[in-house]
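Coordinates as given in input-v9.tsv (TSV, N, CA and C atoms):
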chain	number	residue	atom	x	y	z
A	1	MET	N	-54.21	-93.05	57.65
A	1	MET	CA	-53.78	-91.69	57.97
A	1	MET	C	-54.60	-90.71	57.14
A	2	ALA	N	-55.16	-89.71	57.79
A	2	ALA	CA	-55.97	-88.70	57.10
A	2	ALA	C	-55.09	-87.78	56.27
A	3	ILE	N	-55.60	-87.36	55.15
A	3	ILE	CA	-54.91	-86.41	54.28
A	3	ILE	C	-55.16	-84.98	54.77
A	4	ALA	N	-56.35	-84.74	55.29
A	4	ALA	CA	-56.72	-83.39	55.70
A	4	ALA	C	-57.66	-83.47	56.89
A	5	LYS	N	-57.96	-82.31	57.46
A	5	LYS	CA	-58.99	-82.22	58.50
A	5	LYS	C	-59.96	-81.12	58.09
A	6	LEU	N	-61.20	-81.26	58.53
A	6	LEU	CA	-62.22	-80.29	58.20
A	6	LEU	C	-61.87	-78.95	58.83
A	7	GLY	N	-61.82	-77.92	58.00
A	7	GLY	CA	-61.53	-76.58	58.50
A	7	GLY	C	-62.81	-75.83	58.79
A	8	THR	N	-63.51	-75.41	57.76
A	8	THR	CA	-64.69	-74.57	57.91
A	8	THR	C	-65.79	-75.05	56.97
A	9	VAL	N	-67.03	-75.05	57.45
A	9	VAL	CA	-68.19	-75.27	56.60
A	9	VAL	C	-68.59	-73.88	56.09
A	10	VAL	N	-68.66	-73.73	54.77
A	10	VAL	CA	-68.96	-72.44	54.16
A	10	VAL	C	-70.25	-72.55	53.36
A	11	LEU	N	-71.19	-71.63	53.64
A	11	LEU	CA	-72.45	-71.59	52.92
A	11	LEU	C	-72.42	-70.43	51.93
A	12	ASP	N	-72.67	-70.71	50.65
A	12	ASP	CA	-72.84	-69.65	49.67
A	12	ASP	C	-74.19	-68.99	49.90
A	13	CYS	N	-74.26	-67.68	49.68
A	13	CYS	CA	-75.49	-66.95	49.93
A	13	CYS	C	-75.43	-65.57	49.28
A	14	PRO	N	-76.56	-64.88	49.17
A	14	PRO	CA	-76.54	-63.54	48.59
A	14	PRO	C	-76.06	-62.46	49.56
A	15	ASP	N	-76.21	-62.66	50.87
A	15	ASP	CA	-75.87	-61.64	51.87
A	15	ASP	C	-75.17	-62.31	53.05
A	16	PRO	N	-73.82	-62.35	53.05
A	16	PRO	CA	-73.09	-63.07	54.11
A	16	PRO	C	-73.39	-62.59	55.53
A	17	LEU	N	-73.47	-61.29	55.72
A	17	LEU	CA	-73.71	-60.78	57.08
A	17	LEU	C	-75.10	-61.16	57.57
A	18	ALA	N	-76.10	-61.03	56.73
A	18	ALA	CA	-77.47	-61.37	57.14
A	18	ALA	C	-77.57	-62.85	57.52
A	19	LEU	N	-76.95	-63.72	56.74
A	19	LEU	CA	-77.03	-65.14	57.06
A	19	LEU	C	-76.20	-65.47	58.30
A	20	ALA	N	-75.06	-64.81	58.48
A	20	ALA	CA	-74.26	-65.01	59.69
A	20	ALA	C	-75.05	-64.56	60.92
A	21	GLU	N	-75.80	-63.47	60.80
A	21	GLU	CA	-76.62	-63.00	61.92
A	21	GLU	C	-77.73	-64.00	62.24
A	22	PHE	N	-78.33	-64.60	61.22
A	22	PHE	CA	-79.35	-65.62	61.43
A	22	PHE	C	-78.77	-66.78	62.23
A	23	TYR	N	-77.61	-67.30	61.80
A	23	TYR	CA	-77.00	-68.44	62.49
A	23	TYR	C	-76.46	-68.05	63.86
A	24	ALA	N	-76.03	-66.81	64.04
A	24	ALA	CA	-75.61	-66.35	65.37
A	24	ALA	C	-76.79	-66.38	66.34
A	25	ALA	N	-77.96	-66.01	65.86
A	25	ALA	CA	-79.15	-66.04	66.71
A	25	ALA	C	-79.54	-67.48	67.04
A	26	LEU	N	-79.30	-68.41	66.12
A	26	LEU	CA	-79.61	-69.83	66.38
A	26	LEU	C	-78.56	-70.50	67.25
A	27	LEU	N	-77.27	-70.26	66.96
A	27	LEU	CA	-76.18	-71.02	67.56
A	27	LEU	C	-75.38	-70.26	68.60
A	28	GLY	N	-75.56	-68.95	68.67
A	28	GLY	CA	-74.71	-68.12	69.51
A	28	GLY	C	-73.54	-67.62	68.67
A	29	GLY	N	-72.68	-66.86	69.28
A	29	GLY	CA	-71.52	-66.34	68.57
A	29	GLY	C	-71.77	-64.96	67.99
A	30	THR	N	-70.76	-64.48	67.30
A	30	THR	CA	-70.77	-63.12	66.75
A	30	THR	C	-70.36	-63.16	65.29
A	31	PRO	N	-71.15	-62.55	64.40
A	31	PRO	CA	-70.75	-62.46	63.00
A	31	PRO	C	-69.59	-61.48	62.82
A	32	ALA	N	-68.66	-61.83	61.96
A	32	ALA	CA	-67.54	-60.94	61.63
A	32	ALA	C	-67.44	-60.85	60.12
A	33	LEU	N	-67.72	-59.68	59.57
A	33	LEU	CA	-67.72	-59.46	58.12
A	33	LEU	C	-66.35	-58.97	57.69
A	34	ASP	N	-65.85	-59.50	56.55
A	34	ASP	CA	-64.57	-59.02	56.04
A	34	ASP	C	-64.72	-57.63	55.44
A	35	GLU	N	-63.61	-57.01	55.09
A	35	GLU	CA	-63.62	-55.62	54.62
A	35	GLU	C	-64.41	-55.40	53.35
A	36	ASP	N	-64.40	-56.38	52.44
A	36	ASP	CA	-65.11	-56.16	51.17
A	36	ASP	C	-66.54	-56.70	51.18
A	37	GLY	N	-66.98	-57.24	52.32
A	37	GLY	CA	-68.37	-57.68	52.46
A	37	GLY	C	-68.73	-58.96	51.75
A	38	THR	N	-67.73	-59.72	51.32
A	38	THR	CA	-68.02	-60.95	50.59
A	38	THR	C	-67.89	-62.22	51.44
A	39	TRP	N	-67.48	-62.07	52.70
A	39	TRP	CA	-67.25	-63.22	53.57
A	39	TRP	C	-67.57	-62.83	54.99
A	40	ALA	N	-68.27	-63.71	55.70
A	40	ALA	CA	-68.52	-63.50	57.13
A	40	ALA	C	-68.23	-64.80	57.86
A	41	ASP	N	-67.55	-64.68	58.99
A	41	ASP	CA	-67.32	-65.81	59.88
A	41	ASP	C	-68.27	-65.71	61.06
A	42	LEU	N	-68.66	-66.86	61.60
A	42	LEU	CA	-69.41	-66.90	62.85
A	42	LEU	C	-68.41	-67.28	63.93
A	43	GLU	N	-68.07	-66.33	64.77
A	43	GLU	CA	-67.03	-66.54	65.78
A	43	GLU	C	-67.62	-66.78	67.15
A	44	GLY	N	-66.98	-67.67	67.91
A	44	GLY	CA	-67.31	-67.85	69.32
A	44	GLY	C	-68.58	-68.61	69.62
A	45	HIS	N	-69.08	-69.42	68.69
A	45	HIS	CA	-70.31	-70.16	68.96
A	45	HIS	C	-70.07	-71.52	69.56
A	46	GLY	N	-68.84	-71.96	69.64
A	46	GLY	CA	-68.52	-73.21	70.32
A	46	GLY	C	-68.68	-74.47	69.49
A	47	GLY	N	-69.02	-74.36	68.22
A	47	GLY	CA	-69.15	-75.54	67.36
A	47	GLY	C	-68.11	-75.52	66.25
A	48	SER	N	-68.35	-76.30	65.24
A	48	SER	CA	-67.46	-76.33	64.08
A	48	SER	C	-67.43	-74.95	63.41
A	49	ALA	N	-66.31	-74.64	62.78
A	49	ALA	CA	-66.16	-73.35	62.11
A	49	ALA	C	-67.22	-73.22	61.01
A	50	LEU	N	-67.89	-72.06	60.99
A	50	LEU	CA	-68.96	-71.80	60.04
A	50	LEU	C	-68.74	-70.43	59.43
A	51	ALA	N	-68.84	-70.35	58.09
A	51	ALA	CA	-68.63	-69.09	57.39
A	51	ALA	C	-69.64	-68.97	56.25
A	52	PHE	N	-69.75	-67.77	55.72
A	52	PHE	CA	-70.75	-67.45	54.71
A	52	PHE	C	-70.08	-66.63	53.62
A	53	GLN	N	-70.26	-67.05	52.38
A	53	GLN	CA	-69.59	-66.43	51.24
A	53	GLN	C	-70.61	-65.88	50.26
A	54	LYS	N	-70.39	-64.63	49.84
A	54	LYS	CA	-71.28	-64.02	48.86
A	54	LYS	C	-71.16	-64.75	47.53
A	55	ALA	N	-72.29	-65.14	46.97
A	55	ALA	CA	-72.33	-65.82	45.68
A	55	ALA	C	-73.27	-65.05	44.76
A	56	GLN	N	-72.70	-64.43	43.74
A	56	GLN	CA	-73.52	-63.71	42.77
A	56	GLN	C	-74.47	-64.70	42.10
A	57	GLY	N	-75.70	-64.33	41.95
A	57	GLY	CA	-76.67	-65.20	41.29
A	57	GLY	C	-77.03	-66.43	42.10
A	58	HIS	N	-76.86	-66.36	43.42
A	58	HIS	CA	-77.17	-67.51	44.28
A	58	HIS	C	-78.58	-68.02	44.02
A	59	VAL	N	-78.69	-69.32	43.85
A	59	VAL	CA	-79.99	-69.97	43.70
A	59	VAL	C	-80.13	-70.92	44.88
A	60	ALA	N	-81.17	-70.72	45.67
A	60	ALA	CA	-81.38	-71.57	46.84
A	60	ALA	C	-81.65	-73.00	46.44
A	61	PRO	N	-81.18	-73.96	47.26
A	61	PRO	CA	-81.52	-75.36	47.00
A	61	PRO	C	-83.03	-75.55	47.06
A	62	ASN	N	-83.51	-76.57	46.37
A	62	ASN	CA	-84.92	-76.89	46.37
A	62	ASN	C	-85.10	-78.21	47.10
A	63	TRP	N	-85.76	-78.18	48.25
A	63	TRP	CA	-85.91	-79.38	49.05
A	63	TRP	C	-87.37	-79.75	49.17
A	64	PRO	N	-87.73	-80.98	49.05
A	64	PRO	CA	-86.96	-82.06	48.43
A	64	PRO	C	-87.18	-82.04	46.93
A	65	SER	N	-86.17	-82.34	46.18
A	65	SER	CA	-86.29	-82.35	44.74
A	65	SER	C	-85.21	-83.22	44.12
A	66	PRO	N	-85.60	-84.25	43.39
A	66	PRO	CA	-84.60	-85.07	42.71
A	66	PRO	C	-83.92	-84.31	41.56
A	67	GLU	N	-84.55	-83.24	41.07
A	67	GLU	CA	-83.97	-82.47	39.97
A	67	GLU	C	-82.95	-81.45	40.45
A	68	ALA	N	-83.07	-80.99	41.69
A	68	ALA	CA	-82.18	-79.95	42.22
A	68	ALA	C	-81.78	-80.31	43.64
A	69	SER	N	-80.77	-81.12	43.77
A	69	SER	CA	-80.34	-81.64	45.06
A	69	SER	C	-79.99	-80.53	46.04
A	70	GLN	N	-80.24	-80.79	47.32
A	70	GLN	CA	-79.90	-79.84	48.36
A	70	GLN	C	-78.39	-79.79	48.62
A	71	GLN	N	-77.63	-80.76	48.14
A	71	GLN	CA	-76.18	-80.87	48.30
A	71	GLN	C	-75.76	-81.27	49.72
A	72	PHE	N	-76.20	-80.57	50.73
A	72	PHE	CA	-75.90	-80.91	52.12
A	72	PHE	C	-76.89	-80.15	53.01
A	73	HIS	N	-76.90	-80.49	54.30
A	73	HIS	CA	-77.69	-79.72	55.26
A	73	HIS	C	-77.02	-79.80	56.62
A	74	LEU	N	-77.41	-78.93	57.51
A	74	LEU	CA	-76.90	-78.90	58.88
A	74	LEU	C	-77.92	-79.53	59.81
A	75	ASP	N	-77.47	-80.38	60.73
A	75	ASP	CA	-78.31	-80.91	61.80
A	75	ASP	C	-77.94	-80.15	63.07
A	76	LEU	N	-78.91	-79.45	63.64
A	76	LEU	CA	-78.70	-78.66	64.85
A	76	LEU	C	-79.49	-79.29	65.98
A	77	THR	N	-78.81	-79.69	67.05
A	77	THR	CA	-79.49	-80.35	68.16
A	77	THR	C	-80.05	-79.32	69.14
A	78	VAL	N	-81.24	-79.60	69.64
A	78	VAL	CA	-81.94	-78.71	70.57
A	78	VAL	C	-82.55	-79.54	71.69
A	79	GLU	N	-82.80	-78.89	72.81
A	79	GLU	CA	-83.42	-79.60	73.94
A	79	GLU	C	-84.92	-79.72	73.78
A	80	ASP	N	-85.58	-78.66	73.29
A	80	ASP	CA	-87.02	-78.67	73.13
A	80	ASP	C	-87.36	-78.28	71.69
A	81	LEU	N	-87.83	-79.22	70.92
A	81	LEU	CA	-88.07	-79.02	69.50
A	81	LEU	C	-89.12	-77.93	69.24
A	82	ASP	N	-90.20	-77.93	69.99
A	82	ASP	CA	-91.26	-76.95	69.78
A	82	ASP	C	-90.78	-75.53	70.10
A	83	VAL	N	-90.07	-75.37	71.20
A	83	VAL	CA	-89.55	-74.05	71.58
A	83	VAL	C	-88.54	-73.57	70.53
A	84	ALA	N	-87.62	-74.44	70.13
A	84	ALA	CA	-86.60	-74.06	69.15
A	84	ALA	C	-87.24	-73.72	67.81
A	85	GLU	N	-88.29	-74.45	67.43
A	85	GLU	CA	-88.97	-74.14	66.18
A	85	GLU	C	-89.54	-72.73	66.19
A	86	GLY	N	-90.22	-72.38	67.26
A	86	GLY	CA	-90.78	-71.04	67.36
A	86	GLY	C	-89.72	-69.97	67.24
A	87	GLN	N	-88.59	-70.19	67.88
A	87	GLN	CA	-87.49	-69.22	67.83
A	87	GLN	C	-86.89	-69.14	66.43
A	88	ALA	N	-86.70	-70.29	65.79
A	88	ALA	CA	-86.12	-70.31	64.44
A	88	ALA	C	-87.05	-69.61	63.44
A	89	LEU	N	-88.34	-69.88	63.55
A	89	LEU	CA	-89.30	-69.23	62.64
A	89	LEU	C	-89.33	-67.72	62.85
A	90	ALA	N	-89.22	-67.28	64.10
A	90	ALA	CA	-89.20	-65.85	64.40
A	90	ALA	C	-87.97	-65.17	63.81
A	91	LEU	N	-86.89	-65.94	63.64
A	91	LEU	CA	-85.65	-65.39	63.06
A	91	LEU	C	-85.69	-65.35	61.54
A	92	GLY	N	-86.69	-66.00	60.94
A	92	GLY	CA	-86.79	-65.99	59.48
A	92	GLY	C	-86.66	-67.34	58.82
A	93	ALA	N	-86.54	-68.41	59.61
A	93	ALA	CA	-86.51	-69.76	59.03
A	93	ALA	C	-87.89	-70.09	58.45
A	94	LYS	N	-87.90	-71.02	57.52
A	94	LYS	CA	-89.15	-71.48	56.91
A	94	LYS	C	-89.26	-72.99	57.15
A	95	LEU	N	-90.39	-73.43	57.67
A	95	LEU	CA	-90.62	-74.86	57.90
A	95	LEU	C	-90.84	-75.55	56.55
A	96	LEU	N	-90.02	-76.56	56.26
A	96	LEU	CA	-90.16	-77.32	55.02
A	96	LEU	C	-90.88	-78.65	55.23
A	97	ASP	N	-90.61	-79.31	56.36
A	97	ASP	CA	-91.19	-80.62	56.62
A	97	ASP	C	-91.34	-80.82	58.12
A	98	PRO	N	-92.58	-80.71	58.64
A	98	PRO	CA	-92.78	-80.91	60.07
A	98	PRO	C	-92.69	-82.37	60.49
A	99	GLY	N	-92.83	-83.26	59.53
A	99	GLY	CA	-92.78	-84.68	59.84
A	99	GLY	C	-94.04	-85.15	60.54
A	100	PRO	N	-94.16	-86.46	60.74
A	100	PRO	CA	-95.32	-87.00	61.44
A	100	PRO	C	-95.22	-86.73	62.94
A	101	GLU	N	-96.35	-86.79	63.60
A	101	GLU	CA	-96.41	-86.62	65.06
A	101	GLU	C	-95.39	-87.53	65.74
A	102	GLY	N	-94.61	-86.95	66.64
A	102	GLY	CA	-93.65	-87.74	67.42
A	102	GLY	C	-92.27	-87.87	66.81
A	103	ARG	N	-92.08	-87.44	65.56
A	103	ARG	CA	-90.74	-87.51	64.96
A	103	ARG	C	-89.82	-86.55	65.71
A	104	THR	N	-88.58	-86.90	65.89
A	104	THR	CA	-87.66	-86.11	66.72
A	104	THR	C	-86.84	-85.09	65.92
A	105	TRP	N	-87.19	-84.85	64.67
A	105	TRP	CA	-86.50	-83.83	63.88
A	105	TRP	C	-87.46	-83.23	62.87
A	106	ARG	N	-87.16	-81.98	62.48
A	106	ARG	CA	-87.96	-81.24	61.50
A	106	ARG	C	-87.01	-80.51	60.56
A	107	VAL	N	-87.48	-80.30	59.34
A	107	VAL	CA	-86.64	-79.69	58.31
A	107	VAL	C	-87.09	-78.25	58.06
A	108	TYR	N	-86.12	-77.35	57.96
A	108	TYR	CA	-86.36	-75.92	57.74
A	108	TYR	C	-85.43	-75.42	56.64
A	109	ALA	N	-85.69	-74.21	56.19
A	109	ALA	CA	-84.75	-73.51	55.30
A	109	ALA	C	-84.33	-72.23	56.01
A	110	ASP	N	-83.05	-71.89	55.91
A	110	ASP	CA	-82.59	-70.61	56.45
A	110	ASP	C	-83.03	-69.49	55.50
A	111	PRO	N	-82.80	-68.23	55.82
A	111	PRO	CA	-83.27	-67.15	54.95
A	111	PRO	C	-82.71	-67.17	53.53
A	112	ALA	N	-81.57	-67.85	53.32
A	112	ALA	CA	-81.01	-67.96	51.96
A	112	ALA	C	-81.45	-69.25	51.27
A	113	GLY	N	-82.28	-70.06	51.95
A	113	GLY	CA	-82.83	-71.26	51.34
A	113	GLY	C	-82.10	-72.55	51.64
A	114	HIS	N	-81.02	-72.52	52.43
A	114	HIS	CA	-80.29	-73.76	52.76
A	114	HIS	C	-81.09	-74.59	53.75
A	115	PRO	N	-81.29	-75.87	53.47
A	115	PRO	CA	-82.00	-76.72	54.42
A	115	PRO	C	-81.17	-76.96	55.68
A	116	PHE	N	-81.85	-77.02	56.82
A	116	PHE	CA	-81.24	-77.46	58.07
A	116	PHE	C	-82.31	-78.15	58.89
A	117	CYS	N	-81.87	-79.00	59.80
A	117	CYS	CA	-82.81	-79.72	60.65
A	117	CYS	C	-82.59	-79.31	62.10
A	118	LEU	N	-83.69	-79.16	62.82
A	118	LEU	CA	-83.64	-79.09	64.27
A	118	LEU	C	-83.94	-80.48	64.76
A	119	CYS	N	-83.05	-81.01	65.61
A	119	CYS	CA	-83.14	-82.39	66.08
A	119	CYS	C	-83.16	-82.39	67.60
A	120	ALA	N	-84.17	-83.04	68.18
A	120	ALA	CA	-84.25	-83.15	69.63
A	120	ALA	C	-83.14	-84.05	70.13
A	121	CYS	N	-82.44	-83.58	71.17
A	121	CYS	CA	-81.35	-84.42	71.71
A	121	CYS	C	-81.84	-85.28	72.84

Structure re-expressed in structure tokens:
Amino acid sequence: MAIAKLGTVVLDCPDPLALAEFYAALLGGTPALDEDGTWADLEGHGGSALAFQKAQGHVAPNWPSPEASQQFHLDLTVEDLDVAEGQALALGAKLLDPGPEGRTWRVYADPAGHPFCLCAC
């Protein structure tokens, strides 16, 4: 018997609204910022609950690095890896690892430095 169920994945970041807008452009949905500007939810995107929390002194993960673990990353499935990559880069993502020719996933960082992968479905 489970003790709990996953509620929301929350990413710490310096600017919750900006990061919510980045993920809204990738995943769909609408960013909703709270009154004090320290929390944003991504609403209506059809996936798991995703939110963004302002973290003073946020330090982006360093990928790959055994000294500064990434802690976690998001795998986002796409139909066309090359098309999705172009769109993600135009939104402000940074390519971290293109992988060898023919690999079905690539590693990126969002504008706050969190690693995520685009994975061909």

Could you pull the residues within 6 Å of Val10 (chain A), counting all atoms listed in the file, minus those fewer than 5 positions along the same chain, as a short mmCIF file (atom, residue, chain, number, x, y, z; two decimals) with N, CA and C atoms, in the coordinates of the input?
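Done, and the output landed in part_0.cif:
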data_model
loop_
_atom_site.label_atom_id
_atom_site.label_comp_id
_atom_site.auth_asym_id
_atom_site.auth_seq_id
_atom_site.Cartn_x
_atom_site.Cartn_y
_atom_site.Cartn_z
N LEU A 50 -67.89 -72.06 60.99
CA LEU A 50 -68.96 -71.80 60.04
C LEU A 50 -68.74 -70.43 59.43
N ALA A 51 -68.84 -70.35 58.09
CA ALA A 51 -68.63 -69.09 57.39
C ALA A 51 -69.64 -68.97 56.25
N PHE A 52 -69.75 -67.77 55.72
CA PHE A 52 -70.75 -67.45 54.71
C PHE A 52 -70.08 -66.63 53.62
N GLN A 53 -70.26 -67.05 52.38
CA GLN A 53 -69.59 -66.43 51.24
C GLN A 53 -70.61 -65.88 50.26
#

DSSP strand (DSSP E or B) residues within chain A, listed as an MDAnalysis selection string: chainID A and resid 8:13 30:33 39:43 49:54 74:78 94:97 105:109 115:120

With region 25-43 of chain A as the partner and 8 Å as the cut-off, tabulate the residues of region 59-118 of chain A that qualify, each row holding the nearest pair of atoms and their distance in Å to one decimal, using all atoms listed in the file, sorted by chain and rising number, as JSON lines.
{"residue": "A:Gln87", "atom": "C", "partner": "A:Leu26", "partner_atom": "CA", "distance": 7.3}
{"residue": "A:Ala88", "atom": "CA", "partner": "A:Leu26", "partner_atom": "CA", "distance": 6.8}
{"residue": "A:Leu91", "atom": "CA", "partner": "A:Ala25", "partner_atom": "CA", "distance": 7.5}

Region 93-108 of chain A environment, 8 Å, all atoms listed in the file, sequence neighbours closer than 2 positions dropped, as JSON, numbers by chain: {"A": [22, 63, 64, 81, 87, 88, 89, 90, 91, 110, 111, 112, 113, 114, 115, 116, 117, 118, 119, 120, 121]}

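CA of Asn62 (chain A) sits 27.7 Å away from CA of His45 (chain A).
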
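Here atom N of Pro16 (chain A) is placed at a distance of 10.9 Å from atom N of His58 (chain A).
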
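Across the structure, CA of Ala55 (chain A) and CA of His73 (chain A) are spaced 17.7 Å apart.
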
Each side padded by 3 Å, which centre and which edge lengths in Å (one decimal) define the axis-aligned box around the listed atoms of region 19-37 of chain A? Give them as JSON.
{"center_x": -71.6, "center_y": -63.2, "center_z": 60.3, "size_x": 22.0, "size_y": 21.6, "size_z": 24.3}
